[in-house]
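Next up, input12.cif (mmCIF, C-alpha atoms):
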```cif
data_start
#
loop_
_atom_site.label_atom_id
_atom_site.label_comp_id
_atom_site.auth_asym_id
_atom_site.auth_seq_id
_atom_site.Cartn_x
_atom_site.Cartn_y
_atom_site.Cartn_z
CA MET A 2 -8.81 -39.14 54.02
CA ARG A 3 -9.22 -35.43 53.50
CA SER A 4 -7.29 -34.60 56.69
CA TYR A 5 -4.45 -36.91 55.53
CA PHE A 6 -4.32 -35.03 52.21
CA VAL A 7 -4.28 -31.63 53.95
CA LEU A 8 -1.56 -32.81 56.36
CA THR A 9 0.54 -34.06 53.43
CA ILE A 10 0.18 -30.73 51.63
CA LEU A 11 1.11 -28.79 54.79
CA LEU A 12 4.19 -30.94 55.37
CA PHE A 13 5.27 -30.51 51.75
CA VAL A 14 4.82 -26.72 51.88
CA ASN A 15 6.71 -26.53 55.20
CA TYR A 16 9.58 -28.65 53.80
CA SER A 17 9.72 -26.58 50.60
CA LEU A 18 9.88 -23.30 52.50
CA SER A 19 12.55 -24.53 54.90
CA ALA A 20 14.63 -25.90 51.99
CA GLN A 21 14.48 -22.49 50.30
CA ASP A 22 15.66 -20.76 53.48
CA SER A 23 18.63 -23.07 54.00
CA CYS A 24 21.97 -22.10 52.57
CA ALA A 25 24.19 -25.09 51.90
CA CYS A 26 27.23 -22.90 51.18
CA CYS A 27 26.91 -20.18 53.82
CA THR A 28 29.74 -21.45 56.02
CA SER A 29 32.96 -19.59 56.75
CA ASP A 30 34.83 -22.22 54.70
CA HIS A 31 32.62 -21.45 51.68
CA SER A 32 33.15 -17.71 52.04
CA ALA A 33 36.94 -17.85 52.55
CA PHE A 34 37.60 -16.81 48.93
CA ASP A 35 34.96 -14.07 48.78
CA PHE A 36 37.67 -11.37 48.89
CA TRP A 37 38.36 -12.21 45.22
CA VAL A 38 34.76 -11.60 44.10
CA GLY A 39 34.36 -8.43 42.02
CA GLN A 40 35.17 -6.72 38.74
CA TRP A 41 38.87 -6.07 38.35
CA THR A 42 41.47 -4.47 36.17
CA VAL A 43 44.72 -6.40 36.51
CA SER A 44 48.19 -4.91 36.13
CA ASN A 45 51.69 -6.39 35.92
CA PRO A 46 54.36 -5.47 38.51
CA ASP A 47 55.61 -2.68 36.20
CA GLY A 48 52.09 -1.18 36.13
CA THR A 49 51.23 -2.21 32.56
CA PHE A 50 47.75 -3.50 31.84
CA ALA A 51 47.52 -7.33 32.06
CA GLY A 52 43.77 -7.78 31.56
CA ASN A 53 40.31 -7.67 33.07
CA ASN A 54 38.75 -10.25 35.33
CA THR A 55 35.20 -10.69 36.53
CA ILE A 56 34.79 -12.92 39.58
CA SER A 57 31.22 -13.79 40.58
CA LYS A 58 29.43 -16.03 43.04
CA GLN A 59 27.02 -18.43 41.39
CA GLU A 60 24.94 -21.52 42.18
CA ASP A 61 23.46 -19.99 45.34
CA GLY A 62 26.92 -18.97 46.53
CA CYS A 63 28.46 -22.44 46.16
CA VAL A 64 30.65 -21.55 43.16
CA ILE A 65 33.00 -18.70 42.37
CA ARG A 66 33.39 -18.23 38.63
CA GLU A 67 36.24 -16.36 37.00
CA GLN A 68 36.05 -14.83 33.50
CA TRP A 69 39.48 -13.59 32.35
CA THR A 70 40.19 -11.42 29.31
CA SER A 71 43.89 -10.84 28.75
CA ALA A 72 45.59 -7.75 27.38
CA THR A 73 47.09 -10.25 24.92
CA LEU A 74 44.57 -10.02 22.10
CA GLY A 75 42.34 -13.08 21.80
CA TYR A 76 43.37 -14.82 25.04
CA THR A 77 40.55 -15.64 27.47
CA GLY A 78 39.91 -18.17 30.19
CA THR A 79 37.54 -19.16 32.91
CA SER A 80 37.73 -20.98 36.20
CA ILE A 81 35.28 -22.65 38.51
CA ASN A 82 36.22 -22.46 42.18
CA TYR A 83 34.45 -24.19 45.05
CA TYR A 84 34.93 -25.48 48.55
CA ASP A 85 34.88 -29.29 48.48
CA GLN A 86 33.37 -30.37 51.78
CA VAL A 87 34.58 -33.96 51.38
CA LEU A 88 38.22 -32.95 50.74
CA ALA A 89 37.92 -29.98 53.12
CA GLN A 90 39.80 -28.00 50.47
CA TRP A 91 39.21 -25.33 47.88
CA VAL A 92 39.36 -26.52 44.27
CA GLN A 93 39.94 -24.55 41.07
CA LEU A 94 39.50 -25.83 37.53
CA TRP A 95 40.92 -23.38 34.97
CA VAL A 96 40.32 -23.73 31.23
CA ASP A 97 41.39 -21.26 28.53
CA ASN A 98 40.64 -20.75 24.86
CA GLN A 99 44.03 -22.26 23.92
CA GLY A 100 42.97 -25.69 25.19
CA GLN A 101 45.02 -25.49 28.39
CA SER A 102 43.61 -26.53 31.74
CA LEU A 103 44.83 -26.55 35.31
CA TYR A 104 43.47 -28.28 38.41
CA LEU A 105 44.48 -26.77 41.77
CA ARG A 106 43.62 -27.59 45.38
CA GLY A 107 44.35 -25.99 48.74
CA GLY A 108 43.02 -23.42 51.12
CA ILE A 109 43.69 -20.45 53.33
CA VAL A 110 47.25 -20.11 54.60
CA GLU A 111 47.45 -17.25 57.06
CA ARG A 112 45.19 -14.78 55.21
CA SER A 113 45.94 -15.83 51.62
CA MET A 114 44.25 -18.43 49.43
CA VAL A 115 46.94 -20.87 48.25
CA LEU A 116 46.07 -23.49 45.62
CA GLN A 117 48.56 -25.93 44.11
CA SER A 118 48.58 -28.54 41.36
CA ASP A 119 50.08 -31.99 41.32
CA LEU A 120 53.22 -32.44 39.21
CA LEU A 121 52.01 -31.93 35.62
CA PRO A 122 53.75 -32.55 32.29
CA GLY A 123 54.30 -29.37 30.27
CA ALA A 124 54.12 -28.87 26.51
CA ASP A 125 57.92 -28.49 26.59
CA GLY A 126 58.34 -31.96 28.13
CA VAL A 127 59.20 -30.60 31.59
CA SER A 128 56.91 -31.50 34.50
CA ARG A 129 56.03 -28.71 36.93
CA TYR A 130 53.99 -27.92 39.99
CA ASN A 131 51.83 -24.80 39.83
CA ARG A 132 51.07 -22.77 42.91
CA VAL A 133 48.80 -19.73 42.88
CA THR A 134 48.43 -17.41 45.88
CA TRP A 135 45.76 -14.71 46.19
CA THR A 136 46.34 -12.17 48.96
CA PRO A 137 43.88 -9.43 49.96
CA LEU A 138 45.55 -6.02 50.13
CA PRO A 139 44.56 -2.58 51.44
CA GLU A 140 42.07 -0.49 49.44
CA GLY A 141 40.18 -3.63 48.34
CA LYS A 142 42.97 -4.81 46.04
CA VAL A 143 44.18 -8.40 45.60
CA ARG A 144 47.56 -9.76 44.55
CA GLN A 145 47.65 -12.96 42.49
CA HIS A 146 51.08 -14.62 42.46
CA TRP A 147 51.47 -17.71 40.25
CA GLU A 148 54.62 -19.73 40.69
CA VAL A 149 55.99 -22.89 39.04
CA SER A 150 58.49 -25.46 40.29
CA THR A 151 60.04 -28.66 38.94
CA ASP A 152 60.92 -30.00 42.40
CA GLY A 153 58.34 -28.44 44.76
CA LEU A 154 61.14 -26.63 46.60
CA ASN A 155 62.46 -23.95 44.25
CA TRP A 156 59.79 -21.68 42.80
CA SER A 157 59.85 -19.07 40.03
CA THR A 158 57.19 -16.52 39.16
CA ALA A 159 54.99 -17.25 36.15
CA PHE A 160 52.58 -14.32 36.74
CA ASP A 161 52.30 -11.57 39.31
CA GLY A 162 49.16 -9.48 39.02
CA LEU A 163 47.67 -6.67 41.04
CA TYR A 164 43.86 -6.67 40.99
CA SER A 165 42.26 -3.25 41.39
CA PRO A 166 38.48 -2.89 41.64
CA ILE A 167 36.78 -1.32 38.64
#
```
Encoded form (structure tokens):
Amino acid sequence: MRSYFVLTILLFVNYSLSAQDSCACCTSDHSAFDFWVGQWTVSNPDGTFAGNNTISKQEDGCVIREQWTSATLGYTGTSINYYDQVLAQWVQLWVDNQGQSLYLRGGIVERSMVLQSDLLPGADGVSRYNRVTWTPLPEGKVRQHWEVSTDGLNWSTAFDGLYSPI
């Protein structure tokens, strides 16, 4: 009986140690958006200050969390980003302090992360697609280009930000 107890304890300890060493989100798919991780100052195309953004890996590297503070006083937002292994896609859920939310899905296209929404009704009664593209640039910078479209063919810019590391 004692040897059975000792064997059970040894198996449990071995399983616990191997579980701690495993990394469920250490695949290349899970790290595809790591170029966005960091502390950033964000500027508009004309060089004016747009806001600050802190992007961090959380939940043992399985989640990328965004914390946005806009240059527009009082406007903040956050997003949770993760690689969905079942969908084989990246997912972003954005929520801001104005009660707006956005759900995007997609993945790497060439070297950019491209996430897009389904057709969503707007507050103005017009339904739109949202597409956001993050592109790594030289000197550790990132461009975020958010576009909207009513037909999925013709796109206009909603936001164009240059992320510079702080």
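If only C-alpha atoms are the atoms counted, then among A:Gly52, A:Lys58, A:Val110, A:Tyr84 the closest residue to Ala72 in chain A is A:Gly52.
One finds CA of Phe160 in chain A at 8.0 Å from CA of Asn45 in chain A.
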Output check: residues returned by the PyMOL selection byres ((chain A and resi 43) around 12), as an MDAnalysis selection string: chainID A and resid 39:42 44:55 69:72 142:146 160:167
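Minimum distance to Thr134 in chain A across A:Gln86, A:Gln59, A:Trp37, A:Ser80 (counting all atoms listed in the file) occurs at A:Trp37.
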Test item: residues at most 10 Å from Val115 in chain A, all atoms listed in the file, excluding those fewer than 3 positions along its chain, as a list in words: Trp91, Leu105, Arg106, Gly107, Gly108, Ile109, Val110, Glu111, Arg112, Arg132, Val133, Thr134, Trp135, Thr136, Gln145, His146 and Trp147 of chain A
Would you mind exporting the chosen residues as an mmCIF file, keeping the file's coordinate frame, restricted to C-alpha atoms?
```cif
data_model
loop_
_atom_site.group_PDB
_atom_site.id
_atom_site.type_symbol
_atom_site.label_atom_id
_atom_site.label_comp_id
_atom_site.auth_asym_id
_atom_site.auth_seq_id
_atom_site.Cartn_x
_atom_site.Cartn_y
_atom_site.Cartn_z
ATOM 1 C CA TRP A 91 39.210 -25.330 47.880
ATOM 2 C CA LEU A 105 44.480 -26.770 41.770
ATOM 3 C CA ARG A 106 43.620 -27.590 45.380
ATOM 4 C CA GLY A 107 44.350 -25.990 48.740
ATOM 5 C CA GLY A 108 43.020 -23.420 51.120
ATOM 6 C CA ILE A 109 43.690 -20.450 53.330
ATOM 7 C CA VAL A 110 47.250 -20.110 54.600
ATOM 8 C CA GLU A 111 47.450 -17.250 57.060
ATOM 9 C CA ARG A 112 45.190 -14.780 55.210
ATOM 10 C CA ARG A 132 51.070 -22.770 42.910
ATOM 11 C CA VAL A 133 48.800 -19.730 42.880
ATOM 12 C CA THR A 134 48.430 -17.410 45.880
ATOM 13 C CA TRP A 135 45.760 -14.710 46.190
ATOM 14 C CA THR A 136 46.340 -12.170 48.960
ATOM 15 C CA GLN A 145 47.650 -12.960 42.490
ATOM 16 C CA HIS A 146 51.080 -14.620 42.460
ATOM 17 C CA TRP A 147 51.470 -17.710 40.250
#
```
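Using all atoms listed in the file, the nearest neighbour of Leu94 in chain A within the list A:Ala25, A:Ser157, A:Thr73, A:Arg66 is A:Arg66.
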